[in-house]
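Only one structure is covered here, and it is reproduced in the block below.
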Amino acid sequence: MTLQTDLVGLLGPERVLSSDLDRFLYGKDAGVYRGEVTVVALPETTDEVQEIVRIAARHDVPVIPRGAGTGLAGGAVPLGGGVIVATTRMNQIFEIDAANRCAWVGPGVINLDLSRAAAPYGLHFAPDPSSQSACTIGGNVANNSGGPHCLAEGSTVNHVLGLEVVLADGEVLVTGGKAPDPVGLDLRGIIVGSEGTLGIVTKALVRLTPNPPDVRTLLITFDSVEDAAATVSGIIAAGLVPAALEMMDQRMTEAVENWLHAGLPTDAAAILLAEVTGDTPAVEAEADVIRQVARGHRAREIRVARDEAERTLLWKGRKSAFGAVAQAAPDYYLHDTVVPRTKLVETMREVYEIGERYGLTMMNVFHAGDGNLHPLMMFDASEPGALDRVHAAADELVELCVRNGGVLSGEHGIGKEKRDLMHLMFTPVDLDAQARLKEVFDPDGRFNPEKILPAGSRCFDFGRPVPEGAWI
Amino acid sequence: MGYVTAEAPTRTELSTCVQCGLCLPHCPTFRLTGMETASPRGRLMAMSAVLEGVAEVDDVFAEIIDFCLGCRACEAVCPGLTPYGRLLEGARAEIAVQHPTRARRLRRWLLGRALGNRTAVAAATAVAAVAQRTGVGRILPGPIRRSFAGLRRLEGRERWVGRRAEPVGEVRGTVALLAGCVMEPWFPQVHEATVGLLRRAGYRVVVPRRQTCCGALAAHDGHAADAHRMARRNVVAFAGADLVVADAAGCSAHLKEYGHWAGEAGAGLAERVRDVTELVAELIEGDLLPRLALPRGPVAVQDPCHLRHAQRIIEAPRTILRAAGYEPVEIDVDAMCCGAAGTYAILRPDTSLELGERKADQIRTSGSTIVASANPGCEMQLRSLLGPAYRVAHPVELYWEALVESTGRIRSEVGG
């Protein structure tokens, strides 16, 4: 029996894709990497996922989970062939427990669909990545996804109460639950953000957050990026943690405005999108603080969204920014790094400098409030050497951010993209501990191999010296 | 072998897709299957694969491309402004040339030739009218029977082609009306409403005899040569009119793309094209058509994809219904395709039915027994699924009826 016939035996021919073209279409996500797919399986139940994992083990092929394929770090790209386990059909919302403010959902449930389903109860799922209209909860869990509103609400890890996970031997692990303080080792925190390298999440118990009673969304226009960045630091320094604090530079604003027609100021060097939530008096007061700080940094114009329609439109602009860049060049590389927000002003300056040095147009749109940068480099992949230049610039960007006290990734995950930059942040001991954890869950290296951890993470890996002081 | 025709998807067009995936949840076939291969992003990647020589225009490619409804919901949400509808037609043109099945050749004759021929359509209509009256329609094969059940009762109404209707009062301009392939014989009440409203607002309405089918169905199915021919003919037929109006959303959407189908002259025509809902709503806003005071109750609004997604016309039908005294009821915030999608209802009945039932359920739970739809395909799909307890009508038709009822017919309604 071949791998494919085993899978067809399990799922039927309709839910197994194996033609050359089908496999090609699953060979990449929203990022720049392309991989090699052996076969695509579309399970609908936990049982089927268990069986797929066992079949893959029998044929000794890797298993790569994939949600909507909106990832940008190559997390769902198979690097050495393997079975793609697409969770898109596992899109059932099993239970919304409004009293306990949580929901059991399948990994294929779309982020925004969950919030829509929770809306009648006055609840929503707080993590709201830009791809929230398309990305899945499974993908959010895998990447510990963030989003504009994670500034105040925290990223996905703060919103996962329990998980059902299919392990490497095909057994099912259930960790966490509705109890507010579960006992035992907290495996949730280990699975969240593990990018499918430890197991396949088949159900998630997620926290639902009450919708705020009132909200103000401010669009603030600046004549310089520095002023906008300084305003961000100023707002936080004033003791405020807005629900969201986002920045877009001029090129980005132009691209977004060109398709959205939301009346964004395309002549501004930078715009800030600030949102405060809470009771009406509180949001009024906080909006006033933001206005004052912004004026203190030469804000040119401050516009407050008049109604929910305008607010939705502004957010739509922010969240479609990545797609809009296609207007500027055929390809883009979207980065994801973090700096302390006190270093925003100088880091932004250096970001543009790196762009100039490599001859790459740099566009910026990012979660300014938590210093999570998303520089976009525009290029044409068909131009020889362009991609190499982009990768070199990208590495330099990461080094810059880490040097300024930041971290490798804000929310997109490590995937393949930043795997080989892990040493910038982690000591050999750190990496070894992570590699040993991976081995416990996945001794055969079946799940999403060659992701997150660089080769040689395990301290006795061949060719890598034992770090000084490490205990073997 | 790559692409071989002038219609082929180009590198420039395809490069506007950066695979961000924001289109996925808006795609009905992706929603149904969860498959990348059934998503706009997947289809665009397949088109790129052929361009790059990684794939061929073969069975697999044709299946991926032909599974698409062509609803263009993806296009409306694409921040990269990818011209998906154009690319889809380009890919289908390649399939029609490189990998034509017998069924596609038959469709070429049907959509590219027969639909543009008034005599042929009239003959088919006569047969259908007899079938309606004798119940012979019951012996038709499933999907065709379902479409047949969605027809209005066919009756010999006055024809508009070749005629002109003079305006009431001051002349505001001349509108050329697209008679359409089946609008005229199958939906004459819609034309009557369109002409009546435009006359009342001060337009002279001409319905040139030399015009033909707009060519949308041929273009959607990849019969590019026919689509070009029909477009060129219509450009000549409609020359001179201030505006060109179509009262089927699929037609107005296609006329607006004549820049592709009939070159510079086509682009000139495209600028003057309005969907009837667009123009009538504008006339209401401008107080050239009245807002009626009498409340008439709720009407479920079904947004045809080629009105809402392809032309981004959302408010107009609602404005018209409100002016008629109706209360528009929203049934689907996503405005997902009803599954009719031109010939799709017959070619892929299962998918079409699944989407149709979804829409029908949304209407049933809306509490309204009147449904407004500005496109004939959607109308037929909904009528066949909802049955006789529901009325499905064009928004301008509902408005015109209300107007006539409230103010009485204007004398000499029918011009010479």
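Chain labels A, B, ... are given in the sequence in which chains occur in the structure tokens; within each chain residues are numbered consecutively from 1, and ligands are likewise numbered from 1 in the order shown.
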Hey, could you make a per-residue contact list for chain B against chain A with 8 Å as the cut-off, showing the nearest pair of atoms and its distance in Å to one decimal, counting only C-alpha atoms, sorted by chain and number, as JSON lines?
{"residue": "B:Thr12", "atom": "CA", "partner": "A:Pro330", "partner_atom": "CA", "distance": 7.9}
{"residue": "B:Ser15", "atom": "CA", "partner": "A:Pro330", "partner_atom": "CA", "distance": 4.8}
{"residue": "B:Thr16", "atom": "CA", "partner": "A:Ala326", "partner_atom": "CA", "distance": 5.1}
{"residue": "B:Cys17", "atom": "CA", "partner": "A:Ala326", "partner_atom": "CA", "distance": 6.6}
{"residue": "B:Val18", "atom": "CA", "partner": "A:Ala326", "partner_atom": "CA", "distance": 6.1}
{"residue": "B:Gln19", "atom": "CA", "partner": "A:Ala30", "partner_atom": "CA", "distance": 5.0}
{"residue": "B:Cys20", "atom": "CA", "partner": "A:Ala30", "partner_atom": "CA", "distance": 4.9}
{"residue": "B:Gly21", "atom": "CA", "partner": "A:Thr70", "partner_atom": "CA", "distance": 5.7}
{"residue": "B:Leu22", "atom": "CA", "partner": "A:Ala134", "partner_atom": "CA", "distance": 5.5}
{"residue": "B:Cys23", "atom": "CA", "partner": "A:Ala134", "partner_atom": "CA", "distance": 7.5}
{"residue": "B:Leu24", "atom": "CA", "partner": "A:Ala134", "partner_atom": "CA", "distance": 6.2}
{"residue": "B:Pro25", "atom": "CA", "partner": "A:Ala134", "partner_atom": "CA", "distance": 5.5}
{"residue": "B:Thr33", "atom": "CA", "partner": "A:Arg89", "partner_atom": "CA", "distance": 7.2}
{"residue": "B:Gly34", "atom": "CA", "partner": "A:Thr88", "partner_atom": "CA", "distance": 5.0}
{"residue": "B:Met35", "atom": "CA", "partner": "A:Thr88", "partner_atom": "CA", "distance": 7.4}
{"residue": "B:Glu36", "atom": "CA", "partner": "A:Leu25", "partner_atom": "CA", "distance": 6.8}
{"residue": "B:Thr37", "atom": "CA", "partner": "A:Asp22", "partner_atom": "CA", "distance": 6.2}
{"residue": "B:Gly42", "atom": "CA", "partner": "A:Leu25", "partner_atom": "CA", "distance": 5.8}
{"residue": "B:Met45", "atom": "CA", "partner": "A:Leu25", "partner_atom": "CA", "distance": 6.4}
{"residue": "B:Ala46", "atom": "CA", "partner": "A:Leu25", "partner_atom": "CA", "distance": 6.9}
{"residue": "B:Ala49", "atom": "CA", "partner": "A:Leu21", "partner_atom": "CA", "distance": 8.0}
{"residue": "B:Ala55", "atom": "CA", "partner": "A:Leu21", "partner_atom": "CA", "distance": 6.5}
{"residue": "B:Val60", "atom": "CA", "partner": "A:Leu21", "partner_atom": "CA", "distance": 7.2}
{"residue": "B:Phe61", "atom": "CA", "partner": "A:Leu21", "partner_atom": "CA", "distance": 7.5}
{"residue": "B:Cys78", "atom": "CA", "partner": "A:Gly323", "partner_atom": "CA", "distance": 7.1}
{"residue": "B:Pro79", "atom": "CA", "partner": "A:Ala324", "partner_atom": "CA", "distance": 4.3}
{"residue": "B:Gly80", "atom": "CA", "partner": "A:Ala324", "partner_atom": "CA", "distance": 4.3}
{"residue": "B:Leu81", "atom": "CA", "partner": "A:Trp259", "partner_atom": "CA", "distance": 6.9}
Residues at most 7 Å from Ala270 (chain A), counting only C-alpha atoms, excluding those fewer than 5 positions away in the same chain, as a short mmCIF file (atom, residue, chain, number, x, y, z; two decimals) with N, CA and C atoms, in the first residue's frame?
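Result file around16.cif:
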data_model
loop_
_atom_site.label_atom_id
_atom_site.label_comp_id
_atom_site.auth_asym_id
_atom_site.auth_seq_id
_atom_site.Cartn_x
_atom_site.Cartn_y
_atom_site.Cartn_z
N THR A 221 -2.51 62.31 12.00
CA THR A 221 -1.65 62.53 10.85
C THR A 221 -0.39 63.29 11.25
N PHE A 222 0.75 62.85 10.76
CA PHE A 222 2.03 63.50 11.09
C PHE A 222 2.82 63.83 9.82
N ASP A 223 3.67 64.84 9.97
CA ASP A 223 4.53 65.20 8.85
C ASP A 223 5.88 64.51 8.92
N SER A 224 6.15 63.78 10.00
CA SER A 224 7.39 63.00 10.03
C SER A 224 7.16 61.70 10.80
N VAL A 225 7.88 60.67 10.37
CA VAL A 225 7.78 59.37 11.01
C VAL A 225 8.25 59.48 12.46
N ALA A 228 5.57 60.70 14.76
CA ALA A 228 4.58 59.65 15.02
C ALA A 228 5.12 58.65 16.03
N MET A 247 0.81 52.14 13.35
CA MET A 247 1.40 53.17 12.51
C MET A 247 1.50 52.71 11.06
N MET A 248 1.31 53.65 10.14
CA MET A 248 1.53 53.37 8.71
C MET A 248 2.32 54.52 8.14
N ASP A 249 3.30 54.22 7.30
CA ASP A 249 4.02 55.32 6.68
C ASP A 249 3.36 55.72 5.35
N GLN A 250 3.93 56.72 4.71
CA GLN A 250 3.25 57.34 3.58
C GLN A 250 3.01 56.37 2.42
#
To test your reading of the structure, identify every residue in region 107-243 of chain B that backbone DSSP assigns to strand (DSSP E or B), and report it as a list in words. Arg164, Ala165, Gly173, Thr174, Val175, Ala176, Leu177, Tyr203, Arg204, Val205, Val206 and Leu243 of chain B
Distance query region 319-336 of chain B at most 7 Å, only C-alpha atoms, self and fewer than 4 positions along chain excluded, as a list in words: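 Here the answer would be Pro28, Ala281, Pro290, Arg291, Leu292, Ala293, Leu294, Pro295, Arg296, Gly297, Pro298, Val299, Ala300, Val301, Asp303, Glu315, Gln362, Ile363, Ser366, Pro395, Val396, Tyr399 and Ala402 of chain B.
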Could you take the residues named above and write them with C-alpha atoms, as a JSON list (two decimals), in the first residue's frame?
[["chain", "number", "residue", "atom", "x", "y", "z"],
["B", 28, "PRO", "CA", -18.00, 30.21, -1.92],
["B", 281, "ALA", "CA", -31.12, 55.34, -7.57],
["B", 290, "PRO", "CA", -40.30, 60.31, -6.39],
["B", 291, "ARG", "CA", -40.03, 58.66, -3.00],
["B", 292, "LEU", "CA", -43.39, 57.10, -2.28],
["B", 293, "ALA", "CA", -44.91, 57.52, 1.14],
["B", 294, "LEU", "CA", -47.10, 54.44, 1.34],
["B", 295, "PRO", "CA", -45.38, 51.74, 3.43],
["B", 296, "ARG", "CA", -45.30, 48.38, 1.69],
["B", 297, "GLY", "CA", -43.54, 46.08, 4.12],
["B", 298, "PRO", "CA", -40.29, 44.16, 4.03],
["B", 299, "VAL", "CA", -38.38, 42.96, 0.99],
["B", 300, "ALA", "CA", -35.38, 40.65, 1.24],
["B", 301, "VAL", "CA", -32.48, 42.06, -0.76],
["B", 303, "ASP", "CA", -27.27, 41.14, -4.03],
["B", 315, "GLU", "CA", -26.80, 50.89, -1.89],
["B", 362, "GLN", "CA", -31.47, 33.00, 4.57],
["B", 363, "ILE", "CA", -34.51, 34.36, 2.75],
["B", 366, "SER", "CA", -35.76, 36.84, 6.89],
["B", 395, "PRO", "CA", -36.04, 46.14, -7.66],
["B", 396, "VAL", "CA", -36.96, 48.55, -10.48],
["B", 399, "TYR", "CA", -40.60, 50.40, -7.72],
["B", 402, "ALA", "CA", -45.62, 50.99, -6.75]]
With a distance cut-off of 12 Å and only C-alpha atoms, select the neighbouring residues of region 57-63 of chain A, excluding the residue or stretch itself and same-chain residues fewer than 6 positions from it, and output the selection as a PyMOL selection string. chain A and resi 1-7+36-41+49-51+76-86+166-170+196-200+442-451
Just want the 9 Å neighbourhood of Thr277 (chain A), counted on only C-alpha atoms, with same-chain residues fewer than 4 positions away dropped. Output as a VMD selection string. chain A and resid 212 to 217 242 to 243 282 to 283 286
Residues from last step as file, C-alpha atoms, as a compact mmCIF listing (two decimals), in the first residue's frame:
# COMPACT_ATOMS: atom_id res chain seq x y z
CA PRO A 212 -16.12 46.99 25.22
CA PRO A 213 -19.04 49.26 26.11
CA ASP A 214 -17.58 52.14 24.17
CA VAL A 215 -14.74 52.80 21.78
CA ARG A 216 -12.95 55.73 20.18
CA THR A 217 -10.75 55.31 17.16
CA PRO A 242 -4.64 51.94 24.43
CA ALA A 243 -6.53 48.98 22.98
CA ALA A 282 -12.90 56.69 30.39
CA VAL A 283 -12.59 56.56 26.61
CA GLU A 286 -8.06 58.67 27.27
Near-His335 (chain A) list (8 Å; only C-alpha atoms; drop same-chain fewer than 2 positions) as a PyMOL selection string: chain A and resi 333+337+373-376+394
Just want the 7 Å neighbourhood of Cys102 (chain A), counted on only C-alpha atoms, with same-chain residues fewer than 4 positions away dropped. Output as a ChimeraX atom specification. /A:96-98,205-208
From B:Leu197, B:Glu89, B:Asp59, B:Ala129, residue lying nearest Leu403 (chain B) [only C-alpha atoms]: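 Distance minimum relative to Leu403 (chain B) lands on B:Leu197.
When DSSP reads the backbone of this structure, the residues of region 251-301 of chain B it assigns to helix (DSSP H, G or I) are Cys251, Ser252, Ala253, His254, Leu255, Tyr258, Gly259, His260, Trp261, Gly263, Glu264, Ala265, Gly266, Ala267, Gly268, Leu269, Ala270, Glu271, Val276, Thr277, Glu278, Leu279, Val280, Ala281, Glu282, Leu283, Ile284 and Glu285 of chain B.
Here CA of Cys213 (chain B) is placed at a distance of 16.6 Å from CA of His306 (chain B).
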From the set B:Ala126, B:Ala219, B:Pro143, B:Lys256, which residue has the shortest atom-to-atom contact distance to Ala345 (chain B), counting only C-alpha atoms?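 Going through B:Ala126, B:Ala219, B:Pro143, B:Lys256 one by one, the smallest distance to Ala345 (chain B) is for B:Pro143.
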Between CA of Leu111 (chain B) and CA of Leu177 (chain B), measure the distance and give it in Å to one decimal. 20.7 Å
At what distance in Å, to one decimal, does CA of Thr266 (chain A) lie from CA of Thr347 (chain A)? 23.1 Å
